[in-house]
Structures are given as structure tokens and as C-alpha cells.
file start-v6.pdb (PDB, C-alpha atoms and all ligand atoms)
MODEL        1
ATOM      1  CA  MET A   1       0.000   0.000   0.000
ATOM      2  CA  ASN A   2       1.223   3.513  -0.729
ATOM      3  CA  THR A   3       1.279   6.087   2.012
ATOM      4  CA  TRP A   4       0.503   9.752   1.443
ATOM      5  CA  ASN A   5       4.216  10.534   1.321
ATOM      6  CA  ASP A   6       5.169   8.132  -1.478
ATOM      7  CA  LEU A   7       3.314   9.758  -4.338
ATOM      8  CA  LYS A   8       2.059  13.157  -5.395
ATOM      9  CA  TYR A   9      -1.657  13.531  -4.748
ATOM     10  CA  LYS A  10      -3.973  16.121  -6.288
ATOM     11  CA  GLU A  11      -7.465  17.123  -5.316
ATOM     12  CA  VAL A  12      -9.975  16.406  -8.081
ATOM     13  CA  LEU A  13     -13.749  16.692  -8.315
ATOM     14  CA  VAL A  14     -15.988  13.676  -8.644
ATOM     15  CA  VAL A  15     -17.998  13.829 -11.867
ATOM     16  CA  ASP A  16     -20.035  10.695 -11.237
ATOM     17  CA  ASN A  17     -20.177   7.718  -8.870
ATOM     18  CA  LYS A  18     -22.518   5.274 -10.524
ATOM     19  CA  ASN A  19     -23.915   2.229  -8.725
ATOM     20  CA  LEU A  20     -23.692  -0.648 -11.240
ATOM     21  CA  ALA A  21     -24.800  -3.581  -9.105
ATOM     22  CA  LYS A  22     -24.906  -4.467  -5.422
ATOM     23  CA  ASP A  23     -21.742  -2.906  -3.886
ATOM     24  CA  ALA A  24     -20.204  -2.174  -7.324
ATOM     25  CA  TYR A  25     -19.538   1.341  -8.588
ATOM     26  CA  ILE A  26     -17.789   3.327 -11.303
ATOM     27  CA  LEU A  27     -16.186   6.505 -10.005
ATOM     28  CA  THR A  28     -15.503   9.124 -12.683
ATOM     29  CA  PHE A  29     -13.311  12.232 -12.587
ATOM     30  CA  LYS A  30     -11.663  14.458 -15.172
ATOM     31  CA  ARG A  31      -8.351  13.213 -16.536
ATOM     32  CA  THR A  32      -5.512  15.592 -15.653
ATOM     33  CA  PHE A  33      -2.608  13.223 -16.400
ATOM     34  CA  ASN A  34      -1.306  10.869 -19.056
ATOM     35  CA  PHE A  35      -1.091   7.181 -18.238
ATOM     36  CA  VAL A  36      -0.432   3.850 -19.876
ATOM     37  CA  ALA A  37      -3.307   1.344 -19.951
ATOM     38  CA  GLY A  38      -2.823  -1.139 -17.112
ATOM     39  CA  GLN A  39      -1.566   1.454 -14.634
ATOM     40  CA  VAL A  40      -3.083   2.271 -11.251
ATOM     41  CA  VAL A  41      -3.636   5.383  -9.152
ATOM     42  CA  GLY A  42      -3.697   5.861  -5.403
ATOM     43  CA  LEU A  43      -7.047   7.184  -4.245
ATOM     44  CA  GLY A  44      -8.258   8.681  -0.993
ATOM     45  CA  ILE A  45     -10.882  10.963   0.422
ATOM     46  CA  ASN A  46      -8.786  12.640   3.118
ATOM     47  CA  THR A  47      -5.353  12.186   4.645
ATOM     48  CA  LEU A  48      -6.727  10.423   7.746
ATOM     49  CA  ILE A  49      -7.314   7.180   5.842
ATOM     50  CA  GLU A  50      -4.431   5.552   3.947
ATOM     51  CA  PRO A  51      -4.926   5.724   0.183
ATOM     52  CA  ARG A  52      -5.769   2.538  -1.693
ATOM     53  CA  LEU A  53      -4.710   1.494  -5.198
ATOM     54  CA  TYR A  54      -7.131   1.254  -8.121
ATOM     55  CA  SER A  55      -6.603   0.260 -11.750
ATOM     56  CA  ILE A  56      -7.721   2.805 -14.302
ATOM     57  CA  ALA A  57     -10.615   1.374 -16.319
ATOM     58  CA  SER A  58     -10.869   4.086 -18.983
ATOM     59  CA  GLY A  59      -8.888   4.569 -22.181
ATOM     60  CA  GLU A  60      -5.603   6.462 -22.416
ATOM     61  CA  ASN A  61      -7.181   9.216 -24.517
ATOM     62  CA  ASP A  62     -10.523   9.482 -22.758
ATOM     63  CA  ASP A  63     -11.342  12.862 -21.201
ATOM     64  CA  TYR A  64     -12.449  11.200 -17.979
ATOM     65  CA  VAL A  65     -10.869   8.573 -15.751
ATOM     66  CA  GLU A  66     -13.060   5.683 -14.628
ATOM     67  CA  ILE A  67     -12.378   3.576 -11.557
ATOM     68  CA  LEU A  68     -14.342   0.365 -11.105
ATOM     69  CA  TYR A  69     -14.571  -0.638  -7.451
ATOM     70  CA  THR A  70     -16.562  -2.737  -5.037
ATOM     71  CA  GLU A  71     -17.515  -1.639  -1.574
ATOM     72  CA  LYS A  72     -16.117  -3.867   1.183
ATOM     73  CA  ALA A  73     -18.581  -3.604   4.080
ATOM     74  CA  ASP A  74     -15.766  -3.893   6.648
ATOM     75  CA  GLY A  75     -13.253  -1.896   4.598
ATOM     76  CA  LYS A  76     -11.840   1.483   5.614
ATOM     77  CA  LEU A  77     -12.022   3.404   2.338
ATOM     78  CA  THR A  78     -14.635   1.885   0.019
ATOM     79  CA  PRO A  79     -17.687   2.440   2.298
ATOM     80  CA  MET A  80     -16.738   6.140   2.137
ATOM     81  CA  LEU A  81     -16.052   6.073  -1.611
ATOM     82  CA  SER A  82     -19.519   4.681  -2.199
ATOM     83  CA  LEU A  83     -21.058   7.790  -0.596
ATOM     84  CA  LEU A  84     -19.307  10.223  -2.951
ATOM     85  CA  LYS A  85     -21.493  12.490  -5.076
ATOM     86  CA  LYS A  86     -20.848  14.703  -8.072
ATOM     87  CA  GLY A  87     -18.812  17.742  -6.973
ATOM     88  CA  ASP A  88     -17.203  16.048  -3.935
ATOM     89  CA  LYS A  89     -13.409  16.213  -3.649
ATOM     90  CA  ILE A  90     -11.113  13.184  -3.758
ATOM     91  CA  LEU A  91      -7.336  12.813  -3.683
ATOM     92  CA  VAL A  92      -5.761  11.087  -6.663
ATOM     93  CA  SER A  93      -2.091  10.214  -7.173
ATOM     94  CA  SER A  94      -0.159  10.337 -10.384
ATOM     95  CA  PRO A  95      -0.482   7.026 -12.267
ATOM     96  CA  PHE A  96       2.099   4.278 -11.955
ATOM     97  CA  GLY A  97       2.577   0.536 -12.407
ATOM     98  CA  SER A  98       4.053  -1.830 -14.927
ATOM     99  CA  PHE A  99       1.157  -4.133 -15.838
ATOM    100  CA  THR A 100       1.266  -2.439 -19.196
ATOM    101  CA  GLU A 101       2.944  -4.768 -21.665
ATOM    102  CA  ASN A 102       0.890  -5.389 -24.777
ATOM    103  CA  ASN A 103       0.897  -8.121 -27.377
ATOM    104  CA  ASP A 104      -1.368  -9.135 -30.198
ATOM    105  CA  SER A 105      -3.977 -11.816 -29.413
ATOM    106  CA  PRO A 106      -3.263 -11.980 -25.663
ATOM    107  CA  ILE A 107      -5.389 -14.035 -23.268
ATOM    108  CA  LEU A 108      -6.740 -11.692 -20.591
ATOM    109  CA  ILE A 109      -8.050 -13.408 -17.464
ATOM    110  CA  ALA A 110      -9.808 -11.509 -14.690
ATOM    111  CA  THR A 111     -12.134 -11.980 -11.772
ATOM    112  CA  GLY A 112     -14.458  -9.240 -10.500
ATOM    113  CA  THR A 113     -13.030  -5.727 -10.700
ATOM    114  CA  GLY A 114      -9.766  -7.239 -11.984
ATOM    115  CA  ILE A 115     -11.228  -6.622 -15.419
ATOM    116  CA  ALA A 116     -10.444  -2.879 -15.085
ATOM    117  CA  PRO A 117      -6.923  -2.811 -16.616
ATOM    118  CA  PHE A 118      -8.133  -4.924 -19.537
ATOM    119  CA  ILE A 119     -10.979  -2.520 -20.245
ATOM    120  CA  SER A 120      -8.392   0.253 -20.269
ATOM    121  CA  MET A 121      -6.156  -1.691 -22.678
ATOM    122  CA  LEU A 122      -9.023  -2.438 -25.053
ATOM    123  CA  LYS A 123     -10.370   1.124 -24.902
ATOM    124  CA  SER A 124      -6.856   2.332 -25.725
ATOM    125  CA  GLY A 125      -6.742   0.174 -28.863
ATOM    126  CA  LYS A 126      -4.255  -2.297 -27.372
ATOM    127  CA  GLY A 127      -4.272  -6.099 -27.217
ATOM    128  CA  ARG A 128      -5.504  -6.594 -30.779
ATOM    129  CA  ALA A 129      -7.595  -9.774 -31.153
ATOM    130  CA  ALA A 130      -7.551 -10.362 -27.402
ATOM    131  CA  THR A 131      -9.539 -13.108 -25.736
ATOM    132  CA  LEU A 132     -10.985 -12.079 -22.400
ATOM    133  CA  ILE A 133     -12.087 -14.583 -19.755
ATOM    134  CA  HIS A 134     -14.027 -12.897 -16.947
ATOM    135  CA  GLY A 135     -15.099 -14.693 -13.797
ATOM    136  CA  VAL A 136     -17.744 -13.408 -11.391
ATOM    137  CA  SER A 137     -19.994 -14.825  -8.687
ATOM    138  CA  PHE A 138     -23.266 -13.393 -10.059
ATOM    139  CA  PRO A 139     -24.109 -12.164 -13.594
ATOM    140  CA  ASP A 140     -24.731  -8.575 -12.424
ATOM    141  CA  TYR A 141     -20.948  -8.322 -12.022
ATOM    142  CA  PHE A 142     -20.193  -8.840 -15.714
ATOM    143  CA  TYR A 143     -19.051  -5.226 -15.864
ATOM    144  CA  TYR A 144     -18.813  -3.544 -19.286
ATOM    145  CA  ALA A 145     -20.510  -6.616 -20.824
ATOM    146  CA  ASP A 146     -22.216  -4.682 -23.644
ATOM    147  CA  TYR A 147     -18.945  -3.039 -24.638
ATOM    148  CA  LEU A 148     -17.045  -6.334 -24.465
ATOM    149  CA  GLU A 149     -19.617  -8.286 -26.460
ATOM    150  CA  LYS A 150     -19.433  -5.664 -29.187
ATOM    151  CA  GLU A 151     -15.654  -5.406 -29.089
ATOM    152  CA  LEU A 152     -14.692  -9.077 -28.724
ATOM    153  CA  GLY A 153     -17.674 -11.171 -29.837
ATOM    154  CA  ASP A 154     -16.874 -14.860 -29.298
ATOM    155  CA  ARG A 155     -13.552 -13.945 -27.707
ATOM    156  CA  TYR A 156     -15.427 -12.594 -24.661
ATOM    157  CA  ILE A 157     -15.867 -15.594 -22.340
ATOM    158  CA  ARG A 158     -17.972 -15.220 -19.234
ATOM    159  CA  CYS A 159     -17.719 -17.558 -16.253
ATOM    160  CA  CYS A 160     -20.209 -17.335 -13.406
ATOM    161  CA  SER A 161     -19.818 -19.473 -10.308
ATOM    162  CA  LYS A 162     -22.993 -18.948  -8.263
ATOM    163  CA  PHE A 163     -25.917 -18.474 -10.656
ATOM    164  CA  TYR A 164     -26.711 -21.122 -13.252
ATOM    165  CA  SER A 165     -27.538 -20.074 -16.810
ATOM    166  CA  THR A 166     -27.029 -21.358 -20.332
ATOM    167  CA  ASP A 167     -25.773 -17.872 -21.285
ATOM    168  CA  TYR A 168     -22.253 -18.443 -19.971
ATOM    169  CA  PHE A 169     -19.822 -21.009 -18.580
ATOM    170  CA  ASN A 170     -21.057 -22.180 -15.182
ATOM    171  CA  GLY A 171     -18.117 -22.342 -12.831
ATOM    172  CA  ARG A 172     -14.981 -20.502 -11.925
ATOM    173  CA  VAL A 173     -12.371 -19.146 -14.299
ATOM    174  CA  THR A 174      -9.933 -21.772 -12.999
ATOM    175  CA  GLN A 175     -12.368 -24.545 -13.908
ATOM    176  CA  TYR A 176     -12.842 -23.059 -17.387
ATOM    177  CA  ILE A 177      -9.099 -22.999 -18.012
ATOM    178  CA  GLN A 178      -8.669 -26.482 -16.610
ATOM    179  CA  GLU A 179     -11.288 -27.805 -19.049
ATOM    180  CA  HIS A 180     -10.119 -25.982 -22.188
ATOM    181  CA  GLN A 181      -7.048 -26.065 -24.395
ATOM    182  CA  VAL A 182      -4.411 -23.387 -23.946
ATOM    183  CA  ASP A 183      -1.883 -22.082 -26.470
ATOM    184  CA  PRO A 184       1.736 -22.047 -25.172
ATOM    185  CA  ASN A 185       2.683 -19.349 -27.684
ATOM    186  CA  LYS A 186       0.311 -16.748 -26.273
ATOM    187  CA  LYS A 187       0.806 -14.287 -23.441
ATOM    188  CA  TYR A 188      -1.498 -14.654 -20.460
ATOM    189  CA  TYR A 189      -2.406 -11.603 -18.376
ATOM    190  CA  LEU A 190      -4.022 -12.330 -15.011
ATOM    191  CA  CYS A 191      -5.689  -9.767 -12.759
ATOM    192  CA  GLY A 192      -7.688 -10.146  -9.575
ATOM    193  CA  VAL A 193      -7.361 -11.380  -6.022
ATOM    194  CA  ALA A 194      -4.283 -13.381  -5.026
ATOM    195  CA  GLU A 195      -5.995 -16.771  -4.800
ATOM    196  CA  MET A 196      -7.320 -16.621  -8.372
ATOM    197  CA  VAL A 197      -4.040 -15.347  -9.787
ATOM    198  CA  VAL A 198      -1.957 -18.034  -8.055
ATOM    199  CA  ASP A 199      -4.367 -20.884  -8.870
ATOM    200  CA  THR A 200      -4.699 -19.792 -12.512
ATOM    201  CA  ARG A 201      -0.954 -19.420 -12.902
ATOM    202  CA  ASP A 202      -0.421 -22.939 -11.491
ATOM    203  CA  ILE A 203      -2.969 -24.433 -13.899
ATOM    204  CA  LEU A 204      -1.421 -22.628 -16.877
ATOM    205  CA  ILE A 205       2.046 -23.838 -15.943
ATOM    206  CA  SER A 206       0.765 -27.398 -15.462
ATOM    207  CA  LYS A 207      -0.710 -27.177 -18.983
ATOM    208  CA  GLY A 208       2.640 -26.199 -20.489
ATOM    209  CA  ILE A 209       2.507 -22.391 -20.587
ATOM    210  CA  PRO A 210       6.039 -21.059 -20.010
ATOM    211  CA  TYR A 211       6.330 -18.965 -16.853
ATOM    212  CA  ARG A 212       7.651 -16.026 -18.905
ATOM    213  CA  ASN A 213       4.358 -15.909 -20.824
ATOM    214  CA  ILE A 214       2.315 -15.244 -17.683
ATOM    215  CA  LEU A 215       2.013 -11.700 -16.333
ATOM    216  CA  ALA A 216      -0.031 -10.855 -13.277
ATOM    217  CA  GLU A 217      -1.458  -7.978 -11.243
ATOM    218  CA  ILE A 218      -2.676  -8.951  -7.777
ATOM    219  CA  TYR A 219      -5.350  -6.968  -5.933
ATOM    220  CA  PHE A 220      -4.344  -7.502  -2.309
TER
HETATM  221  C1  LIG B   1      -2.422  -2.998  -7.766
HETATM  222  C2  LIG B   1      -3.824  -2.974  -7.161
HETATM  223  C3  LIG B   1      -4.894  -2.548  -7.939
HETATM  224  C4  LIG B   1      -6.183  -2.559  -7.398
HETATM  225  N1  LIG B   1      -7.234  -2.170  -8.192
HETATM  226  C5  LIG B   1      -8.497  -2.242  -7.725
HETATM  227  C6  LIG B   1      -9.621  -1.893  -8.563
HETATM  228  O1  LIG B   1      -9.464  -1.482  -9.719
HETATM  229  N2  LIG B   1     -10.867  -2.008  -8.025
HETATM  230  C7  LIG B   1     -11.075  -2.449  -6.726
HETATM  231  O2  LIG B   1     -12.237  -2.533  -6.297
HETATM  232  N3  LIG B   1     -10.033  -2.755  -5.919
HETATM  233  C8  LIG B   1      -8.762  -2.655  -6.375
HETATM  234  N4  LIG B   1      -7.711  -2.956  -5.541
HETATM  235  C9  LIG B   1      -7.996  -3.207  -4.099
HETATM  236  C10 LIG B   1      -8.072  -1.852  -3.356
HETATM  237  O3  LIG B   1      -6.774  -1.266  -3.332
HETATM  238  C11 LIG B   1      -8.555  -1.971  -1.903
HETATM  239  O4  LIG B   1      -7.789  -2.956  -1.265
HETATM  240  C12 LIG B   1     -10.045  -2.329  -1.782
HETATM  241  O5  LIG B   1     -10.841  -1.369  -2.474
HETATM  242  C13 LIG B   1     -10.486  -2.386  -0.314
HETATM  243  O6  LIG B   1     -10.270  -1.151   0.297
HETATM  244  P1  LIG B   1     -10.964  -0.789   1.693
HETATM  245  O7  LIG B   1     -10.192   0.338   2.286
HETATM  246  O8  LIG B   1     -12.426  -0.592   1.549
HETATM  247  O9  LIG B   1     -10.790  -2.095   2.531
HETATM  248  P2  LIG B   1      -9.635  -2.435   3.601
HETATM  249  O10 LIG B   1      -9.821  -1.622   4.828
HETATM  250  O11 LIG B   1      -8.310  -2.324   2.942
HETATM  251  O12 LIG B   1      -9.998  -3.947   3.875
HETATM  252  C14 LIG B   1     -10.160  -4.883   2.776
HETATM  253  C15 LIG B   1     -10.537  -6.234   3.310
HETATM  254  O13 LIG B   1      -9.441  -6.761   4.006
HETATM  255  C16 LIG B   1      -9.817  -7.026   5.336
HETATM  256  N5  LIG B   1      -8.682  -6.617   6.175
HETATM  257  C17 LIG B   1      -8.260  -5.364   6.407
HETATM  258  N6  LIG B   1      -7.176  -5.386   7.210
HETATM  259  C18 LIG B   1      -6.931  -6.698   7.473
HETATM  260  C19 LIG B   1      -5.950  -7.382   8.224
HETATM  261  N7  LIG B   1      -4.993  -6.723   8.907
HETATM  262  N8  LIG B   1      -5.981  -8.725   8.258
HETATM  263  C20 LIG B   1      -6.913  -9.411   7.578
HETATM  264  N9  LIG B   1      -7.885  -8.811   6.849
HETATM  265  C21 LIG B   1      -7.891  -7.481   6.813
HETATM  266  C22 LIG B   1     -11.054  -6.213   5.600
HETATM  267  O14 LIG B   1     -11.873  -6.838   6.555
HETATM  268  C23 LIG B   1     -11.710  -6.178   4.238
HETATM  269  O15 LIG B   1     -12.520  -7.286   4.024
HETATM  270  C24 LIG B   1      -6.411  -2.959  -6.049
HETATM  271  C25 LIG B   1      -5.317  -3.354  -5.270
HETATM  272  C26 LIG B   1      -4.051  -3.368  -5.814
HETATM  273  C27 LIG B   1      -2.899  -3.811  -4.960
ENDMDL
END
call {"tool": "encode", "arguments": {"input": "start-v6.pdb", "output": "C-alpha cells", "more": "lines below"}}
Ligand SMILES: Cc1cc2nc3c(=O)[nH]c(=O)nc-3n(C[C@H](O)[C@H](O)[C@H](O)COP(=O)(O)OP(=O)(O)OC[C@H]3O[C@@H](n4cnc5c(N)ncnc54)[C@H](O)[C@@H]3O)c2cc1C
result
Amino acid sequence: MNTWNDLKYKEVLVVDNKNLAKDAYILTFKRTFNFVAGQVVGLGINTLIEPRLYSIASGENDDYVEILYTEKADGKLTPMLSLLKKGDKILVSSPFGSFTENNDSPILIATGTGIAPFISMLKSGKGRAATLIHGVSFPDYFYYADYLEKELGDRYIRCCSKFYSTDYFNGRVTQYIQEHQVDPNKKYYLCGVAEMVVDTRDILISKGIPYRNILAEIYF
């Protein structure tokens, strides 16, 4: 975690804080910096609570920055983020991070809000012919689904673990990967909580993907 002293923080005004689904929001503010898709910012509401890191979910050239986040009921920051309204002030760091490498036809694998850096990459015109595998517990959390269906078509693979439907793969991302063929020549980008990233990486390695072809961003 970054403390207030590590990075430069600026006050910016909230433009929108849209509730997408239970406990899931997109926070929007005007872009005042350049960044590379895949990078994160530190975010806070005042200097009394340590800032937290969030992947940028908008495109490199978009006028506004979008942050996709879920409220953790017992968390310190997100219950306060969820109360933000248009015109409220937040503190935002300069962008940083190195989860930014891009290749053609990558395999992007995310759970929950871990989809954010991939949305940024796609909206920035990167990762040509990408395949995206997104795992969620309930279908309401298929964030940006309309955009992804349009952008990726059959290369947008949805996995849902707790609500049965014929519309998507029923089960976790790890189960999907276990049951399907993988291509050792492709790059695999993983983003989400530690357990998913570690389990997915282990499965990919066991299926012959070289370690150097797996890149990961862990949301701890
Ligand atoms: C590189 C990176 C990018 C990220 N990007 C995103 C993103 O795009 N969207 C997003 O929603 N999140 C993202 N995160 C996670 C985010 O930074 C916060 O951790 C998250 O929003 C929770 O913040 P909080 O202050 O509400 O909860 P916290 O107060 O940090 O608590 C989070 C959870 O951990 C538990 N917890 C807290 N302290 C302890 C402890 N000492 N021991 C055990 N459990 C504890 C709490 O009970 C709670 O359930 C990212 C994290 C990283 C590292």
C-alpha cells in the first residue's frame, strides 16, 4: 500500500459515482494526467485514511478517468467512496505501475473488478484480437458486458460461479481454463485477487505455458 508521502496527490472533483450492481460502482473524474493502460492510481478521500490502489478502467485518450470498485462492508475506504457524489473532492495520485505490456492476441483473465486494466487496454486500442475470460460470482458483475460483447464477440468468455444459466460457462475461471485447451505461444495476463491469480498461474504452468508468458497484477 502507498502512504501519502510516497506519491504526489492532487485534489480532483468527482464527476459521477454510478452504482452498477450491489456494492459495485464506477467513479468518474476528469483526466488531468497521461497514463499507460494497465496502470493504477492511489485514491483517498482525506489524509486520515491511507490511500488505496485502483486500476484505471478508462482509455488512455478518454477525457475522464473511470475507476471500477466494489464496496467492502468492513473496509476502511470503500464504504466512504460509495457515498461520494458529483462535486465532492477526492485525492488522486499520479499514475504508476508496470502491468502495461501489450501483445497481439493476448489471453486476458480476470475476476471481478480485476477486469479494469483490460478494459483500459481495449479502450486504448491495445491487445488486438484479445480473448478475455471474466469470472464473477453473479451475472450482475459482468461489468462492461455490452462493450465487451461488441468489441470481442466470441472472444469474450464469461464464467459465473454462483448463478446457473445457459448464457455463460457455469463455474470458476480456474475450472474453465482447466477444461479448455491453452496455447503455449500466447501471453497470459491475469488480474484479480491473489488466490485466483496463483491458482490460474499454477494451472497454466501445469498445462505447459512457459512462466515467462504469464504476467499478473494482484489486488491484495
Ligand atoms: C495494484 C492494485 C490494484 C487494485 N485495483 C483495484 C480496482 O481497480 N478495483 C477495486 O475494487 N479494488 C482494487 N484494488 C484493491 C483496493 O486497493 C482496496 O484494497 C479495496 O478497495 C479495499 O479497500 P478498503 O479500504 O475498503 O478495505 P480495507 O480496509 O483495505 O480492507 C479490505 C478487506 O481486508 C480485510 N482486512 C483489512 N485489514 C486486514 C488485516 N490486517 N488482516 C486481515 N484482513 C484485513 C477487511 O476486513 C476487508 O474485508 C487494487 C489493489 C491493488 C494492490
call {"tool": "closest_atom_pairs", "arguments": {"input": "start-v6.pdb", "of": "chain A", "to": "ligand LIG 1 (chain B)", "cutoff": "7 Å", "atoms": "only C-alpha atoms and all ligand atoms", "output": "JSON lines"}}
result
{"residue": "A:Met1", "atom": "CA", "partner": "B:LIG1", "partner_atom": "C27", "distance": 6.9}
{"residue": "A:Val40", "atom": "CA", "partner": "B:LIG1", "partner_atom": "C3", "distance": 6.1}
{"residue": "A:Arg52", "atom": "CA", "partner": "B:LIG1", "partner_atom": "O3", "distance": 4.3}
{"residue": "A:Leu53", "atom": "CA", "partner": "B:LIG1", "partner_atom": "O3", "distance": 3.9}
{"residue": "A:Tyr54", "atom": "CA", "partner": "B:LIG1", "partner_atom": "N1", "distance": 3.4}
{"residue": "A:Ser55", "atom": "CA", "partner": "B:LIG1", "partner_atom": "O1", "distance": 3.9}
{"residue": "A:Ile56", "atom": "CA", "partner": "B:LIG1", "partner_atom": "O1", "distance": 6.5}
{"residue": "A:Ile67", "atom": "CA", "partner": "B:LIG1", "partner_atom": "O1", "distance": 6.1}
{"residue": "A:Leu68", "atom": "CA", "partner": "B:LIG1", "partner_atom": "N2", "distance": 5.2}
{"residue": "A:Tyr69", "atom": "CA", "partner": "B:LIG1", "partner_atom": "O2", "distance": 3.2}
{"residue": "A:Thr70", "atom": "CA", "partner": "B:LIG1", "partner_atom": "O2", "distance": 4.5}
{"residue": "A:Glu71", "atom": "CA", "partner": "B:LIG1", "partner_atom": "O8", "distance": 6.1}
{"residue": "A:Lys72", "atom": "CA", "partner": "B:LIG1", "partner_atom": "O8", "distance": 4.9}
{"residue": "A:Asp74", "atom": "CA", "partner": "B:LIG1", "partner_atom": "O14", "distance": 4.9}
{"residue": "A:Gly75", "atom": "CA", "partner": "B:LIG1", "partner_atom": "O9", "distance": 3.2}
{"residue": "A:Lys76", "atom": "CA", "partner": "B:LIG1", "partner_atom": "O10", "distance": 3.8}
{"residue": "A:Leu77", "atom": "CA", "partner": "B:LIG1", "partner_atom": "O7", "distance": 3.6}
{"residue": "A:Thr78", "atom": "CA", "partner": "B:LIG1", "partner_atom": "O8", "distance": 3.7}
{"residue": "A:Pro79", "atom": "CA", "partner": "B:LIG1", "partner_atom": "O8", "distance": 6.1}
{"residue": "A:Thr113", "atom": "CA", "partner": "B:LIG1", "partner_atom": "N2", "distance": 5.1}
{"residue": "A:Gly114", "atom": "CA", "partner": "B:LIG1", "partner_atom": "O1", "distance": 6.2}
{"residue": "A:Ala116", "atom": "CA", "partner": "B:LIG1", "partner_atom": "O1", "distance": 5.6}
{"residue": "A:Glu217", "atom": "CA", "partner": "B:LIG1", "partner_atom": "C1", "distance": 6.1}
{"residue": "A:Ile218", "atom": "CA", "partner": "B:LIG1", "partner_atom": "C27", "distance": 5.9}
{"residue": "A:Tyr219", "atom": "CA", "partner": "B:LIG1", "partner_atom": "C25", "distance": 3.7}
{"residue": "A:Phe220", "atom": "CA", "partner": "B:LIG1", "partner_atom": "C27", "distance": 4.8}
call {"tool": "resolve_selection", "arguments": {"input": "start-v6.pdb", "expression": "the PyMOL selection byres (((chain A and resi 115) around 10) and not hetatm)", "output": "tab-separated table (two decimals) with C-alpha atoms, in the coordinates of the input"}}
result
chain	number	residue	atom	x	y	z
A	55	SER	CA	-6.60	0.26	-11.75
A	57	ALA	CA	-10.62	1.37	-16.32
A	68	LEU	CA	-14.34	0.36	-11.10
A	108	LEU	CA	-6.74	-11.69	-20.59
A	109	ILE	CA	-8.05	-13.41	-17.46
A	110	ALA	CA	-9.81	-11.51	-14.69
A	111	THR	CA	-12.13	-11.98	-11.77
A	112	GLY	CA	-14.46	-9.24	-10.50
A	113	THR	CA	-13.03	-5.73	-10.70
A	114	GLY	CA	-9.77	-7.24	-11.98
A	116	ALA	CA	-10.44	-2.88	-15.08
A	117	PRO	CA	-6.92	-2.81	-16.62
A	118	PHE	CA	-8.13	-4.92	-19.54
A	119	ILE	CA	-10.98	-2.52	-20.24
A	120	SER	CA	-8.39	0.25	-20.27
A	132	LEU	CA	-10.98	-12.08	-22.40
A	133	ILE	CA	-12.09	-14.58	-19.76
A	134	HIS	CA	-14.03	-12.90	-16.95
A	135	GLY	CA	-15.10	-14.69	-13.80
A	142	PHE	CA	-20.19	-8.84	-15.71
A	143	TYR	CA	-19.05	-5.23	-15.86
A	144	TYR	CA	-18.81	-3.54	-19.29
A	190	LEU	CA	-4.02	-12.33	-15.01
A	191	CYS	CA	-5.69	-9.77	-12.76
A	192	GLY	CA	-7.69	-10.15	-9.57
call {"tool": "closest_residue", "arguments": {"input": "start-v6.pdb", "among": "A:Asp104, A:Asp140, A:Glu149, A:Asp167", "to": "Met121 of chain A", "atoms": "only C-alpha atoms"}}
result
A:Asp104
call {"tool": "resolve_selection", "arguments": {"input": "start-v6.pdb", "expression": "the PyMOL selection byres (((chain A and resi 96) around 9) and not hetatm)", "output": "mmCIF file with C-alpha atoms, in the frame of the given file"}}
result
data_model
loop_
_atom_site.group_PDB
_atom_site.id
_atom_site.type_symbol
_atom_site.label_atom_id
_atom_site.label_comp_id
_atom_site.auth_asym_id
_atom_site.auth_seq_id
_atom_site.Cartn_x
_atom_site.Cartn_y
_atom_site.Cartn_z
ATOM 1 C CA PHE A 35 -1.091 7.181 -18.238
ATOM 2 C CA VAL A 36 -0.432 3.850 -19.876
ATOM 3 C CA GLY A 38 -2.823 -1.139 -17.112
ATOM 4 C CA GLN A 39 -1.566 1.454 -14.634
ATOM 5 C CA VAL A 40 -3.083 2.271 -11.251
ATOM 6 C CA VAL A 41 -3.636 5.383 -9.152
ATOM 7 C CA GLY A 42 -3.697 5.861 -5.403
ATOM 8 C CA SER A 93 -2.091 10.214 -7.173
ATOM 9 C CA SER A 94 -0.159 10.337 -10.384
ATOM 10 C CA PRO A 95 -0.482 7.026 -12.267
ATOM 11 C CA GLY A 97 2.577 0.536 -12.407
ATOM 12 C CA SER A 98 4.053 -1.830 -14.927
#
call {"tool": "resolve_selection", "arguments": {"input": "start-v6.pdb", "expression": "the PyMOL selection byres (((chain A and resi 11) around 12) and not hetatm)", "output": "PyMOL selection string"}}
result
chain A and resi 8-10+12-14+29-32+42-47+87-94
call {"tool": "write_last_selection", "arguments": {"input": "start-v6.pdb", "atoms": "C-alpha atoms", "output": "PDB file, keeping the file's coordinate frame"}}
result
ATOM      1  CA  LYS A   8       2.059  13.157  -5.395  1.00  0.00           C
ATOM      2  CA  TYR A   9      -1.657  13.531  -4.748  1.00  0.00           C
ATOM      3  CA  LYS A  10      -3.973  16.121  -6.288  1.00  0.00           C
ATOM      4  CA  VAL A  12      -9.975  16.406  -8.081  1.00  0.00           C
ATOM      5  CA  LEU A  13     -13.749  16.692  -8.315  1.00  0.00           C
ATOM      6  CA  VAL A  14     -15.988  13.676  -8.644  1.00  0.00           C
ATOM      7  CA  PHE A  29     -13.311  12.232 -12.587  1.00  0.00           C
ATOM      8  CA  LYS A  30     -11.663  14.458 -15.172  1.00  0.00           C
ATOM      9  CA  ARG A  31      -8.351  13.213 -16.536  1.00  0.00           C
ATOM     10  CA  THR A  32      -5.512  15.592 -15.653  1.00  0.00           C
ATOM     11  CA  GLY A  42      -3.697   5.861  -5.403  1.00  0.00           C
ATOM     12  CA  LEU A  43      -7.047   7.184  -4.245  1.00  0.00           C
ATOM     13  CA  GLY A  44      -8.258   8.681  -0.993  1.00  0.00           C
ATOM     14  CA  ILE A  45     -10.882  10.963   0.422  1.00  0.00           C
ATOM     15  CA  ASN A  46      -8.786  12.640   3.118  1.00  0.00           C
ATOM     16  CA  THR A  47      -5.353  12.186   4.645  1.00  0.00           C
ATOM     17  CA  GLY A  87     -18.812  17.742  -6.973  1.00  0.00           C
ATOM     18  CA  ASP A  88     -17.203  16.048  -3.935  1.00  0.00           C
ATOM     19  CA  LYS A  89     -13.409  16.213  -3.649  1.00  0.00           C
ATOM     20  CA  ILE A  90     -11.113  13.184  -3.758  1.00  0.00           C
ATOM     21  CA  LEU A  91      -7.336  12.813  -3.683  1.00  0.00           C
ATOM     22  CA  VAL A  92      -5.761  11.087  -6.663  1.00  0.00           C
ATOM     23  CA  SER A  93      -2.091  10.214  -7.173  1.00  0.00           C
ATOM     24  CA  SER A  94      -0.159  10.337 -10.384  1.00  0.00           C
TER      25      SER A  94
END
